[in-house]
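Novice: One structure follows; several queries about it will come next.
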Amino acid sequence: MPKYNVIALIDCNNFFASCEVLFDPTLAGKPVCVLSNNDGCVVARSNEAKALGVKMGMPYFMAKKQFRGVTYLSGNYARYSEISKRIMTKLYDYTPSVEVYSIDEAFLDLSGTRKLYRCSYEEIIEKIRLDIKNDIGVDVSIGLSYSKTLAKLACEKAKELNKKNPKIGTYKIGYKKIKDELKITTIEDIWGVGFNTASLLRKHYISSAYDFCSQSDAWIKRIMGKVGLDLKYELLGESVSPVNPNEALPKSIQKTLSFANFTSDKNYIINALNYHCHRVCKKLRHHGLKSSVVSIMLRAKDFYVLSTKTTLETPSNSEFEFNLKIKEMFDEIYNPNIIYRSCGVTALKLSNEDAYQMSLFNSERIAKNQKLSDAWDKIEEKFGRSKLHLGTNALG
Ligand SMILES: [Mg+2]
């Protein structure tokens, strides 16, 4: 057996719904649904709401007609984020190797902690689960294995078991179990295998994780590239993608530049702000960060500084999202009678990009702007910088 890592995935059950119950204990044991932005659709359901048959993603207007006894609540992002932080902080009591993966999921590298706690890994994860439940009040499922991919698979098992018996909340895939687990896992259920990849593999008569792992390295590499090969080894219990502890994040990212000539020209300054905004966002994306507060600064010829900041609806690293706010802020502090020497854009309150991948919460606009920004990076990669820039009136 090769040297192996022991990796756990902690995933909160019905996270948003659980948070709402924490804030209003009278909701405990009742069907509760949390709605997306602007109350569009259901993004979280308590077990009781699931049992009634409310579906994930169901439009609110349909759900409320069909399921009248359910309490529907507008999502409260700040509330969930706060509880998430408390849970994540608790995880550090067990190991410094914590990778916050999303608002309600984290990977832990527990390798070696067995000696420290003088108990088995199963006992450690059960302790973590009870600790979070008793101290914070949120139910979590924990999967344990040797790679992130297997830990994710184990965590799904833990959730299934939990539905049948609420006392069970953990599951371990040990070496002897790997093969059997892979046989009963369809390729669609493998973490990281999307619809397109799954269809491609099915065309080659590969339907289970086991079938996939039985293919030669050369074949997998030819069909899926290195990603596929990494996946194979992760499924076989080798940690190719180790737990990456979230490093101390930079507090802010700022870009500023003096104008070639002092100016009061509104369009000129907005163009400069847009340019800085792009550089800030590009850097955020490069570091895998998002920002929830953006500020702009105008420096007058006499060095007097005017600045203002604003909070984004959802943490972002898309210039298209930032620009909506920048124009507003600019109008707030710009004075045509002042001559300016420089301007700048700063992204504040930075967070790990993955921790905020709440796609269901993102309005279509946010999702679209994110795609535009990603496309921008690709174009610059191919054709070099400054091929594109946002016009003054863009997205105004
Ligand atoms: Mg969850």
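The chains in the structure tokens are called A, B, ... from first to last as shown; in each chain the residues are counted from 1, and the ligands are counted from 1 in the order shown.
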Do a neighbour search on Asn335 (chain A) at 12 Å with only C-alpha atoms, toss out local chain neighbours closer than 6 positions, and write the hits as a count of residues only.

Specialist: 9

Novice: Ligand 1: which residues are within 7 Å, counting only C-alpha atoms and all ligand atoms, as number ranges by chain?

Specialist: A: 11-15, 104-105

Novice: Ranking A:Leu312, A:Ile296, A:Ile206, A:Tyr146 by minimum distance to Met329 (chain A) and counting only C-alpha atoms, which one comes first?

Specialist: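 Closest residue, counting only C-alpha atoms: A:Ile296.
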
Novice: Nearest residue to Lys157 (chain A) out of A:Cys19, A:Ala51, A:Ala63, A:Ile142, using only C-alpha atoms?

Specialist: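 Answer, going by the shortest atom-to-atom distance: A:Ile142.
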
Novice: Please build the interface table for region 192-307 of chain A against region 85-97 of chain A with a cut-off of 12 Å, listing for each qualifying residue the nearest atom pair and the distance in Å to one decimal; count only C-alpha atoms, order rows by chain and increasing number, and write it as JSON lines.

Specialist:
{"residue": "A:Pro242", "atom": "CA", "partner": "A:Ser97", "partner_atom": "CA", "distance": 10.0}
{"residue": "A:Val243", "atom": "CA", "partner": "A:Ser97", "partner_atom": "CA", "distance": 6.9}
{"residue": "A:Asn244", "atom": "CA", "partner": "A:Ser97", "partner_atom": "CA", "distance": 7.2}
{"residue": "A:Pro245", "atom": "CA", "partner": "A:Ser97", "partner_atom": "CA", "distance": 5.1}
{"residue": "A:Asn246", "atom": "CA", "partner": "A:Ser97", "partner_atom": "CA", "distance": 8.3}
{"residue": "A:Glu247", "atom": "CA", "partner": "A:Ser97", "partner_atom": "CA", "distance": 10.1}

Novice: Keeping only N, CA and C atoms, take the residues you just selected and write them out as a CSV table (one decimal), in the first residue's frame.

Specialist:
chain,number,residue,atom,x,y,z
A,242,PRO,N,-4.1,17.4,-3.3
A,242,PRO,CA,-4.1,17.4,-1.8
A,242,PRO,C,-5.0,18.5,-1.2
A,243,VAL,N,-5.2,18.4,0.0
A,243,VAL,CA,-6.0,19.4,0.7
A,243,VAL,C,-5.1,20.6,0.7
A,244,ASN,N,-5.7,21.7,0.3
A,244,ASN,CA,-4.9,22.9,0.1
A,244,ASN,C,-5.4,24.0,1.1
A,245,PRO,N,-4.7,24.0,2.3
A,245,PRO,CA,-5.2,24.9,3.3
A,245,PRO,C,-5.3,26.3,2.8
A,246,ASN,N,-6.4,27.0,3.2
A,246,ASN,CA,-6.6,28.3,2.7
A,246,ASN,C,-5.6,29.2,3.4
A,247,GLU,N,-4.8,29.8,2.6
A,247,GLU,CA,-3.7,30.7,3.2
A,247,GLU,C,-4.3,32.0,3.6

Novice: Env of Val138 (chain A): 7 Å cut, atoms = only C-alpha atoms, seq-sep filter 5 positions within chain, self excluded. Answer as a list in words.

Specialist: Cys12, Ser18, Ile132 and Lys133 of chain A

Novice: Restrict the selected residues to C-alpha atoms and save them as a PDB file, in the first residue's frame.

Specialist:
ATOM      1  CA  CYS A  12     -23.530  20.656   6.229  1.00  0.00           C
ATOM      2  CA  SER A  18     -30.585  24.578   9.080  1.00  0.00           C
ATOM      3  CA  ILE A 132     -20.438  20.936  15.416  1.00  0.00           C
ATOM      4  CA  LYS A 133     -23.909  19.662  16.228  1.00  0.00           C
TER       5      LYS A 133
END

Novice: Using only C-alpha atoms, which residues sit within 12 Å of Lys30 (chain A) once same-chain residues fewer than 6 positions away are excluded, as a PDB file with C-alpha atoms, in the first residue's frame?

Specialist:
ATOM      1  CA  ALA A  17     -32.554  25.696   5.994  1.00  0.00           C
ATOM      2  CA  SER A  18     -30.585  24.578   9.080  1.00  0.00           C
ATOM      3  CA  GLU A  20     -32.926  29.468   9.472  1.00  0.00           C
ATOM      4  CA  VAL A  21     -34.013  26.931  12.077  1.00  0.00           C
ATOM      5  CA  ASP A  24     -35.989  30.630  14.687  1.00  0.00           C
ATOM      6  CA  ARG A  45     -35.111  22.444   2.020  1.00  0.00           C
ATOM      7  CA  SER A  46     -35.374  21.063   5.515  1.00  0.00           C
ATOM      8  CA  ASN A  47     -35.762  17.284   5.736  1.00  0.00           C
ATOM      9  CA  GLU A  48     -39.461  17.773   6.360  1.00  0.00           C
ATOM     10  CA  ALA A  49     -39.833  19.844   3.179  1.00  0.00           C
ATOM     11  CA  LYS A  50     -37.913  17.186   1.238  1.00  0.00           C
ATOM     12  CA  ALA A  51     -40.227  14.521   2.626  1.00  0.00           C
ATOM     13  CA  LEU A  52     -43.254  16.461   1.370  1.00  0.00           C
ATOM     14  CA  GLY A  69     -47.953  24.118   4.737  1.00  0.00           C
ATOM     15  CA  VAL A  70     -44.332  25.005   4.056  1.00  0.00           C
ATOM     16  CA  THR A  71     -42.589  28.061   5.501  1.00  0.00           C
ATOM     17  CA  TYR A  72     -40.793  29.875   2.656  1.00  0.00           C
TER      18      TYR A  72
END

Novice: Which of region 79-210 of chain A end up as strand (DSSP E or B) when DSSP is run on this backbone - answer as a VMD selection string?

Specialist: chain A and resid 98 to 102 105 to 109 140 to 145 170 to 172 186 208

Novice: If you keep C-alpha atoms, can you produce a file of those selected residues as a PDB file, in the first residue's frame?

Specialist:
ATOM      1  CA  VAL A  98      -8.465  22.870   6.376  1.00  0.00           C
ATOM      2  CA  GLU A  99      -9.568  23.775   2.872  1.00  0.00           C
ATOM      3  CA  VAL A 100     -12.827  25.678   2.895  1.00  0.00           C
ATOM      4  CA  TYR A 101     -14.374  24.471  -0.327  1.00  0.00           C
ATOM      5  CA  SER A 102     -17.731  26.200  -0.301  1.00  0.00           C
ATOM      6  CA  GLU A 105     -18.158  22.248   2.749  1.00  0.00           C
ATOM      7  CA  ALA A 106     -14.556  21.816   3.827  1.00  0.00           C
ATOM      8  CA  PHE A 107     -11.840  19.262   3.249  1.00  0.00           C
ATOM      9  CA  LEU A 108      -9.599  18.263   6.142  1.00  0.00           C
ATOM     10  CA  ASP A 109      -6.312  16.434   5.914  1.00  0.00           C
ATOM     11  CA  VAL A 140     -23.146  17.755   9.107  1.00  0.00           C
ATOM     12  CA  SER A 141     -22.231  14.691   7.098  1.00  0.00           C
ATOM     13  CA  ILE A 142     -18.616  13.588   6.968  1.00  0.00           C
ATOM     14  CA  GLY A 143     -16.964  11.328   4.426  1.00  0.00           C
ATOM     15  CA  LEU A 144     -13.547   9.822   5.067  1.00  0.00           C
ATOM     16  CA  SER A 145     -11.099   8.274   2.633  1.00  0.00           C
ATOM     17  CA  THR A 170     -20.218   9.619   8.842  1.00  0.00           C
ATOM     18  CA  TYR A 171     -18.946   7.081   6.346  1.00  0.00           C
ATOM     19  CA  LYS A 172     -15.502   5.743   5.604  1.00  0.00           C
ATOM     20  CA  THR A 186     -22.189   5.600 -11.855  1.00  0.00           C
ATOM     21  CA  SER A 208     -19.405   3.021 -13.574  1.00  0.00           C
TER      22      SER A 208
END

Novice: Measuring atom to atom with only C-alpha atoms, identify which of A:Glu82, A:Arg68, A:Asn317, A:Ser342 is nearest to Leu372 (chain A).

Specialist: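 Counting only C-alpha atoms, the residue closest to Leu372 (chain A) is A:Asn317.
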
Novice: Can you check which residues of region 40-87 of chain A DSSP gives as helix (DSSP H, G or I) on the backbone and send them as a list in words?

Specialist: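 Written out, the helix (DSSP H, G or I) residues of region 40-87 of chain A are Asn47, Glu48, Ala49, Lys50, Ala51, Leu52, Tyr60, Phe61, Met62, Ala63, Lys64, Lys65, Gln66, Tyr77, Ala78, Arg79, Tyr80, Ser81, Glu82, Ile83, Ser84, Lys85, Arg86 and Ile87 of chain A.
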